[in-house]
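Trainee: There's a structure below that I have some questions on.
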Amino acid sequence: MFSFANPEYLYLLFMLPAVVGMFMLDRWARRRKLAKFGKEELLQELMPDISSRKPVVRLVIILLLLATVIVMLARPRAGAMEKVQGQVNGIEVVIAMDVSNSMNASSTSSKSGISRLQRSKMVMEKLIDRLQNDKVGLVVFAGKALMQMPMTIDGTSAKMFLNNISTDIIPLQGTNITAAINLAMHSFSQDEKVSRTIILITDAENFEGDAKEAAENAHKKDIQVNVIGIGGHDVPIPTDDGQGWMLDDYGEIAMTSFNENQAKEIAKAGGGIMVKGDATDAVKVLDESLKKLAANNKSQFTYSREGEQFPIFAWIALALLIASVLLLNNKNKWLAKKSFFERKAKNNNEE
């Protein structure tokens with residue numbers, strides 16, 4: 001039985017007629033240029049070492065090379081079906097990041113240094129680097145929650161999405177942790193055998209709704225909720241341009257504080273832990289907790305697969321590539337000599 005793992009790549013084979021058309025157009029343009037200097041038969045006599053057949057041969061080789069590479073991309077498989085057993089150890093993680101205006105404030109009570117949002121990104125980048133064989137999704141929230149990146153095993157892509165997050169991404173302000181948890185709960189796959197966890201990264205200040213109840217509902221569905229607390233106490237919130245401070249309803253400088261007690265209650269309701277993001281061992285502590293979750297996630301699975309034929313086509317492509325490089329435009333000496341005698345015999349016959 002012969003099949004392809006990625007058959008959609010086979011549509012690229014439709015490019016081959018375009019390559020032939022480009023070749024024919026190039027040859028036509030070449031003949032037009034040569035015609036300015038005289039008849040083609042006379043010019044061939046002046047260029048006895050130039051082969052008129054080798055460009056066609058090279059075209060055929062290039063077409064075969066392109067076709068082989070396209071088939072390689074489609075991953076051809078053949079042979080008897082083979083039963084393979086494996087084990088899954090990874091977990092599914094949804095990171096829910098607070099992007100409310102208070103996250104622009106300093107991450108410490110010193111009123112200087114990096115912002116809470118910047119600190120959040122640094123912590124999550126370190127954590128993503130530790131998430132091997134795990135799927136990661138990304139949710140952002142302020143007054144409402146938005147899916148920023150669906151579940152993926154590509155940690156590099158996750159960090160790229162993470163770096164592009166700012167407090168301007170959601171115009172509606174607030175700290176709706178409940179909406180973030182509810183959206184995160186619907187972001188996991190349907191595989192109930194896989195352990196799942198939500199990591200909230202927030203200052204837990206002035207949140208809307210009942211976040212504790214939302215965390216409890218997630219825990220009832222075997223979804224663990226962990227919290228990374230970010231921020232110090234009584235820190236002013238800078239304006240969007242960074243030139244001043246935001247004011248409250250009374251015209252005073254708006255101050256923000258990390259609500260540690262609320263963060264702990266949310267984590268406890270979700271069956272997880274709360275760690276402070278400014279602690280040097282925050283990532284290590286959370287990573288150890290996730291490893292314990294993954295340890296209970298071992299499950300066996302069996303699937304059937306056919307033999308991969310990729311190596312065969314790879315060797316063919318390599319041989320064709322070498323042939324195209326070695327093929328010169330000049331005539332082969334033996335063929336040129338044979339052609340010379342054929343032309344001489346033809347001239348003698350005509351005489």
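Starting from 1 in every chain, residues are counted up; chains themselves are A, B, ... following the order of the structure tokens, and ligands are numbered from 1 as listed.
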Got a sec to tell me which of stretch 3-215 of chain A DSSP assigns to alpha helix (DSSP H), as a PyMOL selection string?

Mentor: chain A and resi 15-35+40-46+54-73+116-130+155-163+177-185+211-215

Trainee: With 12 Å as the cut-off and only C-alpha atoms counted, what is the closest atom pair between each nearby residue of stretch 160-212 of chain A and stretch 276-280 of chain A? Distances in Å to one decimal, ordered by chain and number, as CSV.

Mentor:
```
residue,atom,partner,partner_atom,distance
A:Ile199,CA,A:Gly277,CA,12.0
A:Leu200,CA,A:Gly277,CA,11.1
A:Ile201,CA,A:Gly277,CA,8.3
A:Thr202,CA,A:Gly277,CA,9.3
A:Asp203,CA,A:Lys276,CA,9.8
A:Ala204,CA,A:Lys276,CA,11.7
```

Trainee: Do a neighbour search on stretch 262-265 of chain A at 10 Å with only C-alpha atoms, toss out local chain neighbours closer than 3 positions, and write the hits as a PyMOL selection string.

Mentor: chain A and resi 200-207+211-212+215+226-230+258-259+268-276

Trainee: For the strand (DSSP E or B) assignment from backbone DSSP, which residues of stretch 55-209 of chain A qualify? Please present them as a ChimeraX atom specification.

Mentor: /A:76-88,92-98,106,115,135-141,145-152,175,196-202,207

Trainee: Let's have the selection written as a PDB file, in the first residue's frame, with C-alpha atoms.

Mentor:
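Ended up saving to part-v9.pdb:
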```pdb
ATOM      1  CA  PRO A  76       5.573   8.941   0.847  1.00  0.00           C
ATOM      2  CA  ARG A  77       4.885   5.798   2.844  1.00  0.00           C
ATOM      3  CA  ALA A  78       4.647   2.204   1.722  1.00  0.00           C
ATOM      4  CA  GLY A  79       4.914  -1.315   2.983  1.00  0.00           C
ATOM      5  CA  ALA A  80       3.098  -3.359   5.586  1.00  0.00           C
ATOM      6  CA  MET A  81       1.349  -1.593   8.462  1.00  0.00           C
ATOM      7  CA  GLU A  82       3.397  -1.677  11.655  1.00  0.00           C
ATOM      8  CA  LYS A  83       1.951  -1.558  15.175  1.00  0.00           C
ATOM      9  CA  VAL A  84       3.831   0.921  17.362  1.00  0.00           C
ATOM     10  CA  GLN A  85       3.382   1.492  21.085  1.00  0.00           C
ATOM     11  CA  GLY A  86       4.256   4.772  22.749  1.00  0.00           C
ATOM     12  CA  GLN A  87       3.852   6.712  25.960  1.00  0.00           C
ATOM     13  CA  VAL A  88       2.629  10.255  26.522  1.00  0.00           C
ATOM     14  CA  GLU A  92      -1.466  20.861  28.321  1.00  0.00           C
ATOM     15  CA  VAL A  93      -0.821  24.340  29.702  1.00  0.00           C
ATOM     16  CA  VAL A  94      -2.824  27.510  29.083  1.00  0.00           C
ATOM     17  CA  ILE A  95      -1.095  30.690  30.187  1.00  0.00           C
ATOM     18  CA  ALA A  96      -3.558  33.481  31.057  1.00  0.00           C
ATOM     19  CA  MET A  97      -1.735  36.815  31.241  1.00  0.00           C
ATOM     20  CA  ASP A  98      -3.085  39.990  32.790  1.00  0.00           C
ATOM     21  CA  SER A 106       6.798  48.756  38.305  1.00  0.00           C
ATOM     22  CA  SER A 115       7.167  46.846  34.562  1.00  0.00           C
ATOM     23  CA  LYS A 135       1.374  21.840  24.657  1.00  0.00           C
ATOM     24  CA  VAL A 136       1.048  25.546  25.406  1.00  0.00           C
ATOM     25  CA  GLY A 137      -1.793  27.978  24.735  1.00  0.00           C
ATOM     26  CA  LEU A 138      -1.955  31.694  25.492  1.00  0.00           C
ATOM     27  CA  VAL A 139      -4.857  33.833  26.733  1.00  0.00           C
ATOM     28  CA  VAL A 140      -4.719  37.554  27.542  1.00  0.00           C
ATOM     29  CA  PHE A 141      -7.239  39.359  29.709  1.00  0.00           C
ATOM     30  CA  ALA A 145     -10.420  37.680  27.820  1.00  0.00           C
ATOM     31  CA  LEU A 146      -9.083  36.930  24.349  1.00  0.00           C
ATOM     32  CA  MET A 147      -7.393  33.861  22.861  1.00  0.00           C
ATOM     33  CA  GLN A 148      -3.957  35.026  21.773  1.00  0.00           C
ATOM     34  CA  MET A 149      -2.514  31.681  20.644  1.00  0.00           C
ATOM     35  CA  PRO A 150      -4.198  28.252  20.384  1.00  0.00           C
ATOM     36  CA  MET A 151      -2.605  25.128  21.809  1.00  0.00           C
ATOM     37  CA  THR A 152       0.774  24.298  20.250  1.00  0.00           C
ATOM     38  CA  THR A 175      -9.096  42.507  35.659  1.00  0.00           C
ATOM     39  CA  ARG A 196      -4.315  20.102  32.125  1.00  0.00           C
ATOM     40  CA  THR A 197      -3.367  23.252  33.976  1.00  0.00           C
ATOM     41  CA  ILE A 198      -4.039  26.991  33.799  1.00  0.00           C
ATOM     42  CA  ILE A 199      -1.286  29.405  34.818  1.00  0.00           C
ATOM     43  CA  LEU A 200      -2.656  32.824  35.764  1.00  0.00           C
ATOM     44  CA  ILE A 201      -0.088  35.601  35.813  1.00  0.00           C
ATOM     45  CA  THR A 202      -1.619  38.680  37.405  1.00  0.00           C
ATOM     46  CA  PHE A 207     -10.748  41.699  39.709  1.00  0.00           C
TER      47      PHE A 207
END
```

Trainee: Kindly give the distance, in Å, that separates atom CA of A:Trp28 and atom CA of A:Leu59, rounded to a single decimal.

Mentor: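 Straight-line distance from atom CA of A:Trp28 to atom CA of A:Leu59 works out to 14.9 Å.
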
Trainee: Quick one: residues within 12 Å of A:Ile322, only C-alpha atoms, excluding same-chain residues fewer than 4 positions away - as a ChimeraX atom specification?

Mentor: /A:58,61-62,65,315-318,326-328

Trainee: Find the distance between atom CA of A:Met24 and atom CA of A:Val60 and write it in Å to one decimal.

Mentor: 12.6 Å

Trainee: A:Gln173, A:Ser157, A:Asn104, A:Asn163: which is nearest A:Val123, counting only C-alpha atoms?

Mentor: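 Closest candidate: A:Asn163.
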
Trainee: Env of A:Lys221: 10 Å cut, atoms = only C-alpha atoms, seq-sep filter 3 positions within chain, self excluded. Answer as a PDB file with C-alpha atoms, in the first residue's frame.

Mentor:
```pdb
ATOM      1  CA  MET A 185     -10.989  25.947  30.191  1.00  0.00           C
ATOM      2  CA  GLU A 192      -9.392  13.723  28.908  1.00  0.00           C
ATOM      3  CA  ARG A 196      -4.315  20.102  32.125  1.00  0.00           C
ATOM      4  CA  GLU A 216     -13.163  25.728  41.748  1.00  0.00           C
ATOM      5  CA  ASN A 217     -15.177  24.844  38.624  1.00  0.00           C
ATOM      6  CA  ALA A 218     -11.957  24.272  36.720  1.00  0.00           C
ATOM      7  CA  GLN A 224      -5.363  22.707  37.903  1.00  0.00           C
TER       8      GLN A 224
END
```

Trainee: Just want the 10 Å neighbourhood of A:Ile70, counted on only C-alpha atoms, with same-chain residues fewer than 2 positions away dropped. Output as a compact mmCIF listing (two decimals) with N, CA, C and O atoms, in the first residue's frame.

Mentor:
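Dumped to around27.txt:
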```
# COMPACT_ATOMS: atom_id res chain seq x y z
N PRO A 7 -0.36 14.83 1.76
CA PRO A 7 -0.69 14.84 0.32
C PRO A 7 -0.94 16.23 -0.25
O PRO A 7 -0.87 16.42 -1.46
N TYR A 9 0.92 18.71 -0.31
CA TYR A 9 2.11 19.23 -0.99
C TYR A 9 2.17 18.79 -2.45
O TYR A 9 2.90 19.40 -3.25
N LEU A 10 1.43 17.76 -2.81
CA LEU A 10 1.46 17.27 -4.19
C LEU A 10 0.88 18.29 -5.17
O LEU A 10 1.15 18.22 -6.37
N TYR A 11 0.11 19.24 -4.65
CA TYR A 11 -0.41 20.30 -5.53
C TYR A 11 0.72 21.15 -6.11
O TYR A 11 0.52 21.83 -7.13
N LEU A 12 1.88 21.12 -5.47
CA LEU A 12 3.02 21.88 -5.99
C LEU A 12 3.51 21.34 -7.33
O LEU A 12 4.26 22.02 -8.04
N LEU A 13 3.12 20.12 -7.67
CA LEU A 13 3.51 19.54 -8.96
C LEU A 13 2.96 20.36 -10.13
O LEU A 13 3.48 20.28 -11.25
N LEU A 64 12.71 16.66 -12.87
CA LEU A 64 12.71 15.46 -12.04
C LEU A 64 13.13 15.77 -10.61
O LEU A 64 12.58 15.21 -9.65
N LEU A 65 14.10 16.69 -10.46
CA LEU A 65 14.55 17.08 -9.12
C LEU A 65 13.43 17.76 -8.35
O LEU A 65 13.17 17.43 -7.17
N LEU A 66 12.75 18.70 -8.99
CA LEU A 66 11.63 19.39 -8.33
C LEU A 66 10.52 18.41 -7.95
O LEU A 66 9.96 18.48 -6.85
N ALA A 67 10.21 17.51 -8.86
CA ALA A 67 9.16 16.52 -8.60
C ALA A 67 9.54 15.63 -7.42
O ALA A 67 8.71 15.31 -6.56
N THR A 68 10.82 15.25 -7.37
CA THR A 68 11.28 14.39 -6.28
C THR A 68 11.21 15.11 -4.94
O THR A 68 10.79 14.53 -3.92
N MET A 72 9.01 14.23 -1.66
CA MET A 72 9.63 14.12 -0.33
C MET A 72 8.83 14.90 0.70
O MET A 72 8.58 14.43 1.81
N LEU A 73 8.41 16.14 0.33
CA LEU A 73 7.62 16.96 1.26
C LEU A 73 6.29 16.29 1.60
O LEU A 73 5.79 16.45 2.72
N ALA A 74 5.74 15.56 0.65
CA ALA A 74 4.47 14.86 0.88
C ALA A 74 4.64 13.61 1.74
O ALA A 74 3.66 13.01 2.14
N ARG A 75 5.88 13.25 2.03
CA ARG A 75 6.22 12.09 2.89
C ARG A 75 5.57 10.79 2.39
O ARG A 75 4.57 10.32 2.94
N PHE A 313 13.80 8.81 -1.82
CA PHE A 313 13.63 9.99 -2.66
C PHE A 313 14.70 11.03 -2.36
O PHE A 313 15.07 11.82 -3.23
```

Trainee: Out of A:Phe161, A:Gly209, A:Ser166, A:Asn6, which residue has the shortest atom-to-atom distance to A:Met103 when counting only C-alpha atoms?

Mentor: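 Looking at the shortest contact to A:Met103, the residue is A:Ser166.
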